[in-house]
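Undergrad: Dumping the structure here so I can ask a few things about it.
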Amino acid sequence: MKQPLRDLVLQAFAELRRQDVLPADLEPPAFVIERSRSREHGDFACNLAMMLAKPARTNPRALADKLVGALPDNSVVAKVEVAGPGFINFFLGAAAYHGEVRRVLDEGARYGHNRTGDGHTVGVEFVSANPTGPLHVGHGRGGALGDCISRLLEASGWDVKREFYYNDAGVQIANLAVSVQARARGITPDDAAWPEGGYRGDYIAEVARAYLDGASIGTDDDEVTASGDVEDIDNLRAFAVAWLRREQDLDLKAFGIHFDVYFLESSLYDDGKVAETVDTLIAHGHTYEEGGALWLKTTDFGDDKDRVMRKSDGTFTYFVPDVAYHLSKWQRGYGKAITELGADHHGSLARVKAGLQALDIGIPKGWPNYVLHQMVTIMRSGEEVKISKRAGSYVTLRDLIDEVGRDATRYFLISRKSDSQLTFDIDLARSQSNDNPVYYIQYAHARVCSVLRQCEDKGFTFDAARGLDNLTRLDNDHEQALMVELSRYPEIVEAAADTLEPHVLANWLRELAQAFHTYYNSHQFLVDNDRDLRDARLSLAVATRQVLKNGLELLGLSAPEHM
RNA sequence: GCGCUCGUAGCUCAACCGGACAGAGCAUCGGCCUUCUAAGCCGAGGGUUGCAGGUUCAAGUCCUGCCGGGCGCGCCA
């Protein structure tokens with residue numbers, strides 16, 4: 001709804017330039033049209049006059065008056081006021097909101113979508129857990145965030161590729177293999193013979209048992225059968241990785257997340273991409289040898305010290321495949337790329353970005369776009385549960401889903417800004433699940449469904465067209481407030497997608513639900529003696545249900561018809 | 001020590017990227033079910049936005065310096 005107002009203001013601005021009130025060569029500044037916080041300030045406020053006060057060398061209120069005077073005739077604005085330090089407040093006519101209700105019913109599941117992405121491809125990488133253990137809550141936060149961001153971008157016209165990067169090469173995988181081997185030999189973590197750095201969790205014993213039983217594991221691209229031979233470390237490793245990948249896949253499926261691409265780190269070595277990346281960096285003169293190692297001059301690109309790429313033993317440090325991996329994303333046409341990581345990885349960002357810049361192939365400085373999430377602290381029985389891979393003590397994602405449900409887990413994990421730490425109180429989420437915000441929103445949806453069922457039971461026929469013809473009957477404060485809330489949805493989706501912040505949508509959905517619950521409690525939908533009013537109210541209820549459903553969908557939450 | 005990040009009501013967090021009087025939920029207290037689902041609604045109390053400066057018409061938001069929490073700082077990944 002903002003754009004028509006913006007156009008009007010720009011026309012007024014141009015008119016003042018013509019009248020020499022403003023310098024003829026003055027370009028319009030980056031002013032905003034924004035929703036008013038309070039009803040008395042109208043529906044939208046514009047700050048243009050305050051921004052122009054200095055270049056025009058007049059006081060903002062006088063300028064605001066002139067801008068208002070220069071506004072062209074139009075049908076959207078019912079009233080304009082100049083207020084405060086020089087705000088121009090727009091009061092919209094009821095027709096503007098009625099039009100929005102019609103749009104909701106007309107566009108249905110597409111309402112709120114926009115075309116910002118224009119069909120371009122964006123790669124969204126998230127979770128990317130090492131296949132060395134079950135997914136824990138931190139992965140859950142990353143998973144929920146990445147998936148919701150993907151959904152928001154899809155709703156904004158992007159062609160989204162969800163991508164999972166497996167670190168299936170390197171030291172941790174070797175550790176995994178020897179851990180399973182030790183378990184298969186009957187060694188436990190408390191024994192002196194337990195390998196240094198081995199994974200101590202009980203799941204390792206499960207893997208070992210299955211290995212000794214000669215089990216088979218099918219993944220989408222492979223089938224691994226255990227030989228049962230404890231000495232066969234290659235088979236042990238392949239079996240353990242396949243096992244854990246399958247476990248993680250099941251967890252993600254239970255969480256409602258799918259990926260389009262599973263990218264294996266090992267493939268970067270197999271097809272020579274790592275070597276190619278290193279060669280390119282050397283060829284462009286961004287490296288040097290020192291102490292038997294090959295260094296990348298990351299300080300040329302904003303890092304605080306240079307980094308080793310190839311160790312003196314000839315192997316590469318971990319960030320080299322990371323650079324090769326991101327290069328692969330670039331080459332695969334991800335003009336926009338989002339990499340979602342736990343904040344403990346932030347130290348490596350600078351060197352990966354430096355590596356990408358040093359390739360000299362025109363990758364923009366801000367590419368990829370990193371989204372970091374802070375730690376999740378888990379409380380159980382009033383105490384913090386420490387996550388310790390070493391001791392094998394976990395709160396797994398599966399535990400959470402089992403205990404508090406998929407919807408509640410997702411909602412909890414995305415309802416906070418990703419860069420602030422999150423406390424997940426399991427007891428609270430479980431014991432008070434009825435007071436959980438997600439149920440509050442879903443309840444509003446179920447209530448509309450219930451009203452429609454009652455409508456049928458009472459023998460009323462709901463005529464949506466008739467309702468839309470009678471929207472002028474919706475004249476009380478609660479109905480007005482609800483319509484205003486509904487009309488904000490497209491702006492919320494656009495803002496959340498632009499800033500990659502799903503919590504904006506989560507919080508707003510609560511406001512929408514609240515506006516509906518308030519309305520529901522103060523007015524009857526199924527008035528029996530006034531069909532026009534009844535249908536008008538039902539139209540508004542159905543529009544609300546549609547927007548609730550659309551919003552829940554973008555967060556990957558269900559929209560139940562009964563509760 | 002250096003870098004990044006956060007600090008808002010008793011608790012958990014918002015605040016539309018610089019706008020008007022800082023808002024919700026939980027918790028506490030008080031009301032509302034013979035009427036569409038009370039998983040709901042209405043009301044009350046609760047704040048020097050960690051501290052001190054600066055930038056400007058306007059600062060929780062931007063800049064500087066402190067204080068405090070978290071994370072990172074390896075030829076580990």
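Chain labels run A, B, ... following the order of the structure tokens; each chain numbers its residues from 1, and ligands are numbered from 1 in the order shown.
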For range 287-298 of chain A, please output as a PyMOL selection string all residues within 12 Å (counting only C-alpha atoms (C1' of nucleotides); exclusion window: fewer than 3 positions along the same chain).
TA: (chain A and resi 277-284+301-317+319-320+323+348-359) or (chain B and resi 75)
Undergrad: Could you write out that same residue set with C-alpha atoms (C1' of nucleotides) as an mmCIF file, in the first residue's frame?
TA:
```cif
data_model
loop_
_atom_site.group_PDB
_atom_site.id
_atom_site.type_symbol
_atom_site.label_atom_id
_atom_site.label_comp_id
_atom_site.auth_asym_id
_atom_site.auth_seq_id
_atom_site.Cartn_x
_atom_site.Cartn_y
_atom_site.Cartn_z
ATOM 1 C CA THR A 277 41.594 -23.397 -6.508
ATOM 2 C CA VAL A 278 45.116 -23.475 -5.101
ATOM 3 C CA ASP A 279 46.633 -23.194 -8.584
ATOM 4 C CA THR A 280 44.489 -20.193 -9.381
ATOM 5 C CA LEU A 281 45.524 -18.456 -6.179
ATOM 6 C CA ILE A 282 49.185 -19.124 -6.891
ATOM 7 C CA ALA A 283 48.843 -17.976 -10.503
ATOM 8 C CA HIS A 284 47.378 -14.655 -9.384
ATOM 9 C CA PHE A 301 41.705 -8.654 1.640
ATOM 10 C CA GLY A 302 40.917 -7.545 5.152
ATOM 11 C CA ASP A 303 42.000 -10.501 7.282
ATOM 12 C CA ASP A 304 44.140 -9.733 10.332
ATOM 13 C CA LYS A 305 46.909 -12.173 9.443
ATOM 14 C CA ASP A 306 47.943 -14.387 6.559
ATOM 15 C CA ARG A 307 46.781 -17.997 6.579
ATOM 16 C CA VAL A 308 48.381 -21.272 5.748
ATOM 17 C CA MET A 309 46.798 -23.044 2.798
ATOM 18 C CA ARG A 310 49.077 -26.034 2.404
ATOM 19 C CA LYS A 311 50.771 -27.365 5.489
ATOM 20 C CA SER A 312 54.375 -28.491 5.416
ATOM 21 C CA ASP A 313 53.117 -32.082 5.404
ATOM 22 C CA GLY A 314 51.468 -31.387 2.047
ATOM 23 C CA THR A 315 47.821 -31.462 3.169
ATOM 24 C CA PHE A 316 45.500 -28.485 2.922
ATOM 25 C CA THR A 317 44.029 -26.539 5.799
ATOM 26 C CA PHE A 319 39.451 -23.381 4.618
ATOM 27 C CA VAL A 320 40.890 -24.263 1.220
ATOM 28 C CA VAL A 323 36.919 -21.644 -0.781
ATOM 29 C CA SER A 348 36.782 -18.371 9.354
ATOM 30 C CA LEU A 349 34.593 -16.020 7.344
ATOM 31 C CA ALA A 350 37.278 -13.453 6.709
ATOM 32 C CA ARG A 351 39.692 -15.970 5.209
ATOM 33 C CA VAL A 352 37.081 -17.662 3.023
ATOM 34 C CA LYS A 353 35.996 -14.290 1.684
ATOM 35 C CA ALA A 354 39.635 -13.315 1.201
ATOM 36 C CA GLY A 355 40.206 -16.523 -0.726
ATOM 37 C CA LEU A 356 37.243 -15.818 -2.987
ATOM 38 C CA GLN A 357 38.450 -12.280 -3.669
ATOM 39 C CA ALA A 358 41.963 -13.513 -4.374
ATOM 40 C CA LEU A 359 40.652 -15.728 -7.166
ATOM 41 C "C1'" C B 75 50.767 -25.657 9.682
#
```
Undergrad: Determine, counting only C-alpha atoms (C1' of nucleotides), which protein, DNA and RNA residues have an atom within 7 Å of an atom of range 148-154 of chain A; residues of the same chain fewer than 4 positions away are not included. Present the result as a list of chain:residue names.
TA: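 The residues that qualify are A:Val124, A:Ala144, A:Trp158, A:Asp159, A:Val160, A:Val493, A:Ala497, A:Leu500, A:Pro502, A:Leu554, A:Leu555, A:Gly556.
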Undergrad: Can you spit out the residues from that selection as a PDB file, in the first residue's frame, using N, CA and C atoms?
TA:
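What follows is the written file result_32.pdb:
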```pdb
ATOM      1  N   VAL A 124      21.004 -21.383  -0.841  1.00  0.00           N
ATOM      2  CA  VAL A 124      20.954 -21.229   0.605  1.00  0.00           C
ATOM      3  C   VAL A 124      21.567 -22.466   1.239  1.00  0.00           C
ATOM      4  N   ALA A 144      16.077 -24.553  11.065  1.00  0.00           N
ATOM      5  CA  ALA A 144      14.819 -23.815  11.038  1.00  0.00           C
ATOM      6  C   ALA A 144      15.026 -22.455  10.365  1.00  0.00           C
ATOM      7  N   TRP A 158      12.413 -15.678  -5.707  1.00  0.00           N
ATOM      8  CA  TRP A 158      13.720 -16.271  -5.980  1.00  0.00           C
ATOM      9  C   TRP A 158      13.571 -17.752  -6.284  1.00  0.00           C
ATOM     10  N   ASP A 159      14.490 -18.243  -7.099  1.00  0.00           N
ATOM     11  CA  ASP A 159      14.581 -19.678  -7.345  1.00  0.00           C
ATOM     12  C   ASP A 159      15.599 -20.222  -6.338  1.00  0.00           C
ATOM     13  N   VAL A 160      15.109 -20.841  -5.284  1.00  0.00           N
ATOM     14  CA  VAL A 160      15.964 -21.214  -4.163  1.00  0.00           C
ATOM     15  C   VAL A 160      16.483 -22.637  -4.290  1.00  0.00           C
ATOM     16  N   VAL A 493       6.443  -9.698   4.812  1.00  0.00           N
ATOM     17  CA  VAL A 493       7.151 -10.733   4.053  1.00  0.00           C
ATOM     18  C   VAL A 493       8.353 -10.118   3.335  1.00  0.00           C
ATOM     19  N   ALA A 497      12.201 -11.109   4.241  1.00  0.00           N
ATOM     20  CA  ALA A 497      13.025 -11.727   3.200  1.00  0.00           C
ATOM     21  C   ALA A 497      14.258 -10.869   2.926  1.00  0.00           C
ATOM     22  N   LEU A 500      16.569 -11.190   5.848  1.00  0.00           N
ATOM     23  CA  LEU A 500      16.818 -12.599   6.194  1.00  0.00           C
ATOM     24  C   LEU A 500      16.514 -12.851   7.670  1.00  0.00           C
ATOM     25  N   PRO A 502      13.479 -14.263   9.729  1.00  0.00           N
ATOM     26  CA  PRO A 502      12.139 -14.853   9.859  1.00  0.00           C
ATOM     27  C   PRO A 502      11.406 -14.448  11.133  1.00  0.00           C
ATOM     28  N   LEU A 554       5.007 -20.087   5.469  1.00  0.00           N
ATOM     29  CA  LEU A 554       6.354 -19.545   5.255  1.00  0.00           C
ATOM     30  C   LEU A 554       7.298 -19.875   6.414  1.00  0.00           C
ATOM     31  N   LEU A 555       6.726 -20.245   7.542  1.00  0.00           N
ATOM     32  CA  LEU A 555       7.566 -20.653   8.667  1.00  0.00           C
ATOM     33  C   LEU A 555       7.628 -22.165   8.785  1.00  0.00           C
ATOM     34  N   GLY A 556       6.981 -22.844   7.856  1.00  0.00           N
ATOM     35  CA  GLY A 556       6.995 -24.309   7.892  1.00  0.00           C
ATOM     36  C   GLY A 556       6.141 -24.878   9.005  1.00  0.00           C
TER      37      GLY A 556
END
```
Undergrad: At a cut-off of 9 Å, using only C-alpha atoms (C1' of nucleotides), what residues contact U8 in chain B? Leave out same-chain residues fewer than 6 positions from it and give the result as a PyMOL selection string.
TA: chain B and resi 22+47+49+60
Undergrad: Point out the residue among B:A20, B:C62, B:C32, B:A52 with the least atom-to-atom distance to chain A, counting only C-alpha atoms (C1' of nucleotides).
TA: B:A20
Undergrad: If you take only C-alpha atoms (C1' of nucleotides) and a cut-off of 6 Å, which residues of chain A touch chain B, and what are their nearest atom pairs and distances in Å to one decimal, in chain and number order, as a tab-separated table?
TA:
```
residue	atom	partner	partner_atom	distance
A:Lys311	CA	B:C75	C1'	4.5
A:Asp344	CA	B:C71	C1'	5.4
A:Gly347	CA	B:G72	C1'	5.3
A:Asn434	CA	B:A39	C1'	5.3
A:Val451	CA	B:C36	C1'	5.2
A:Asn521	CA	B:C41	C1'	5.7
```
Undergrad: How would the residues just picked look written out with C-alpha atoms as a compact mmCIF listing (two decimals), in the first residue's frame?
TA:
```txt
# COMPACT_ATOMS: atom_id res chain seq x y z
CA LYS A 311 50.77 -27.37 5.49
CA ASP A 344 31.45 -20.08 16.37
CA GLY A 347 36.48 -16.50 12.64
CA ASN A 434 -0.78 -24.94 25.62
CA VAL A 451 -16.93 -20.63 12.83
CA ASN A 521 -14.40 -12.01 21.60
```
Undergrad: Would you please work out which residue, of A:Glu340, A:Glu231, A:Glu125, A:Asp532, is nearest to Ser418 in chain A when using only C-alpha atoms?
TA: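 Among the listed residues, A:Glu340 lies closest to Ser418 in chain A.
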Undergrad: Within 9 Å of Asp251 in chain A, counting only C-alpha atoms (C1' of nucleotides), which residues show up once you throw out same-chain ones fewer than 5 positions away? Write them as number ranges by chain, please.
TA: A: 134-135, 246, 256-257, 397-398, 401
Undergrad: Could you dump the residues just selected with N, CA and C atoms as a PDB file, in the first residue's frame?
TA:
```pdb
ATOM      1  N   PRO A 134      24.680 -37.277  15.948  1.00  0.00           N
ATOM      2  CA  PRO A 134      23.313 -36.830  15.701  1.00  0.00           C
ATOM      3  C   PRO A 134      23.225 -35.306  15.662  1.00  0.00           C
ATOM      4  N   LEU A 135      22.188 -34.783  15.047  1.00  0.00           N
ATOM      5  CA  LEU A 135      21.986 -33.334  15.009  1.00  0.00           C
ATOM      6  C   LEU A 135      21.556 -32.861  16.390  1.00  0.00           C
ATOM      7  N   ARG A 246      22.294 -41.112   7.280  1.00  0.00           N
ATOM      8  CA  ARG A 246      20.897 -41.576   7.287  1.00  0.00           C
ATOM      9  C   ARG A 246      20.175 -41.057   8.529  1.00  0.00           C
ATOM     10  N   GLY A 256      10.791 -31.408   8.944  1.00  0.00           N
ATOM     11  CA  GLY A 256      10.131 -30.778   7.808  1.00  0.00           C
ATOM     12  C   GLY A 256      11.090 -30.052   6.881  1.00  0.00           C
ATOM     13  N   ILE A 257      12.314 -30.532   6.804  1.00  0.00           N
ATOM     14  CA  ILE A 257      13.310 -29.855   5.972  1.00  0.00           C
ATOM     15  C   ILE A 257      13.813 -30.795   4.889  1.00  0.00           C
ATOM     16  N   LEU A 397      18.254 -32.864  18.323  1.00  0.00           N
ATOM     17  CA  LEU A 397      17.098 -32.266  17.668  1.00  0.00           C
ATOM     18  C   LEU A 397      15.908 -33.219  17.774  1.00  0.00           C
ATOM     19  N   ARG A 398      16.206 -34.515  17.624  1.00  0.00           N
ATOM     20  CA  ARG A 398      15.132 -35.503  17.704  1.00  0.00           C
ATOM     21  C   ARG A 398      14.462 -35.488  19.081  1.00  0.00           C
ATOM     22  N   ILE A 401      12.061 -32.536  19.141  1.00  0.00           N
ATOM     23  CA  ILE A 401      10.867 -32.743  18.333  1.00  0.00           C
ATOM     24  C   ILE A 401       9.930 -33.720  19.032  1.00  0.00           C
TER      25      ILE A 401
END
```
Undergrad: Write out as a PyMOL selection string which residues come within 6 Å of range 420-429 of chain A when counting only C-alpha atoms (C1' of nucleotides), dropping same-chain ones fewer than 6 positions away.
TA: chain A and resi 374-380
Undergrad: Could you write out the selected residues, including C-alpha atoms, as a CSV table (one decimal), in the first residue's frame?
TA:
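So the final result, stored in out.csv, reads:
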```csv
chain,number,residue,atom,x,y,z
A,374,GLN,CA,24.3,-17.6,18.2
A,375,MET,CA,24.3,-20.5,20.7
A,376,VAL,CA,21.3,-22.1,22.0
A,377,THR,CA,21.3,-22.7,25.7
A,378,ILE,CA,19.1,-25.5,26.9
A,379,MET,CA,17.4,-25.6,30.3
A,380,ARG,CA,16.1,-28.7,31.8
```
Undergrad: Using only C-alpha atoms (C1' of nucleotides), which residues sit within 9 Å of Arg537 in chain A once same-chain residues fewer than 3 positions away are excluded, as a PyMOL selection string?
TA: chain A and resi 467+471+473-474+479+524-526+532-534+540-542
Undergrad: What does the file look like for those residues with N, CA and C atoms, as a compact mmCIF listing (two decimals), in the first residue's frame?
TA:
```
# COMPACT_ATOMS: atom_id res chain seq x y z
N GLY A 467 -20.47 -10.91 0.81
CA GLY A 467 -19.69 -10.35 1.90
C GLY A 467 -18.80 -9.21 1.41
N LEU A 471 -18.54 -4.84 2.60
CA LEU A 471 -17.44 -4.57 3.52
C LEU A 471 -17.61 -3.24 4.26
N ARG A 473 -19.95 -2.44 5.86
CA ARG A 473 -20.63 -2.71 7.14
C ARG A 473 -19.63 -2.96 8.27
N LEU A 474 -18.39 -3.20 7.90
CA LEU A 474 -17.36 -3.48 8.91
C LEU A 474 -16.80 -2.16 9.42
N GLU A 479 -12.77 -4.36 13.76
CA GLU A 479 -12.72 -4.75 12.35
C GLU A 479 -11.71 -3.89 11.59
N GLN A 524 -20.07 -11.03 17.35
CA GLN A 524 -20.59 -12.30 16.84
C GLN A 524 -20.45 -12.32 15.32
N PHE A 525 -19.92 -13.41 14.79
CA PHE A 525 -19.87 -13.54 13.32
C PHE A 525 -21.23 -13.95 12.77
N LEU A 526 -21.84 -14.94 13.45
CA LEU A 526 -23.03 -15.56 12.90
C LEU A 526 -24.29 -14.84 13.38
N ASP A 532 -26.26 -9.51 5.26
CA ASP A 532 -25.18 -8.70 4.70
C ASP A 532 -24.02 -8.56 5.68
N LEU A 533 -24.37 -8.25 6.92
CA LEU A 533 -23.34 -8.09 7.95
C LEU A 533 -22.63 -9.41 8.21
N ARG A 534 -23.41 -10.47 8.29
CA ARG A 534 -22.84 -11.79 8.56
C ARG A 534 -21.83 -12.17 7.49
N LEU A 540 -14.20 -11.28 6.15
CA LEU A 540 -13.01 -10.82 6.85
C LEU A 540 -12.34 -11.97 7.61
N ALA A 541 -13.17 -12.83 8.20
CA ALA A 541 -12.61 -13.97 8.94
C ALA A 541 -11.87 -14.91 7.99
N VAL A 542 -12.46 -15.14 6.83
CA VAL A 542 -11.85 -16.05 5.86
C VAL A 542 -10.55 -15.44 5.32
```
Undergrad: Quick one, how far is CA of Gln19 in chain A from CA of Pro72 in chain A?
TA: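 Computed distance, CA of Gln19 in chain A to CA of Pro72 in chain A, equals 14.5 Å.
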Undergrad: So that I can check the surroundings of Phe91 in chain A, please list as a list in words every protein, DNA and RNA residue that reaches within 8 Å of it, counting only C-alpha atoms (C1' of nucleotides) and ignoring chain neighbours fewer than 4 positions away.
TA: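 Those residues are Gly42, Asp43, Phe44, Val77, Ala78, Lys79 and Val80 of chain A.
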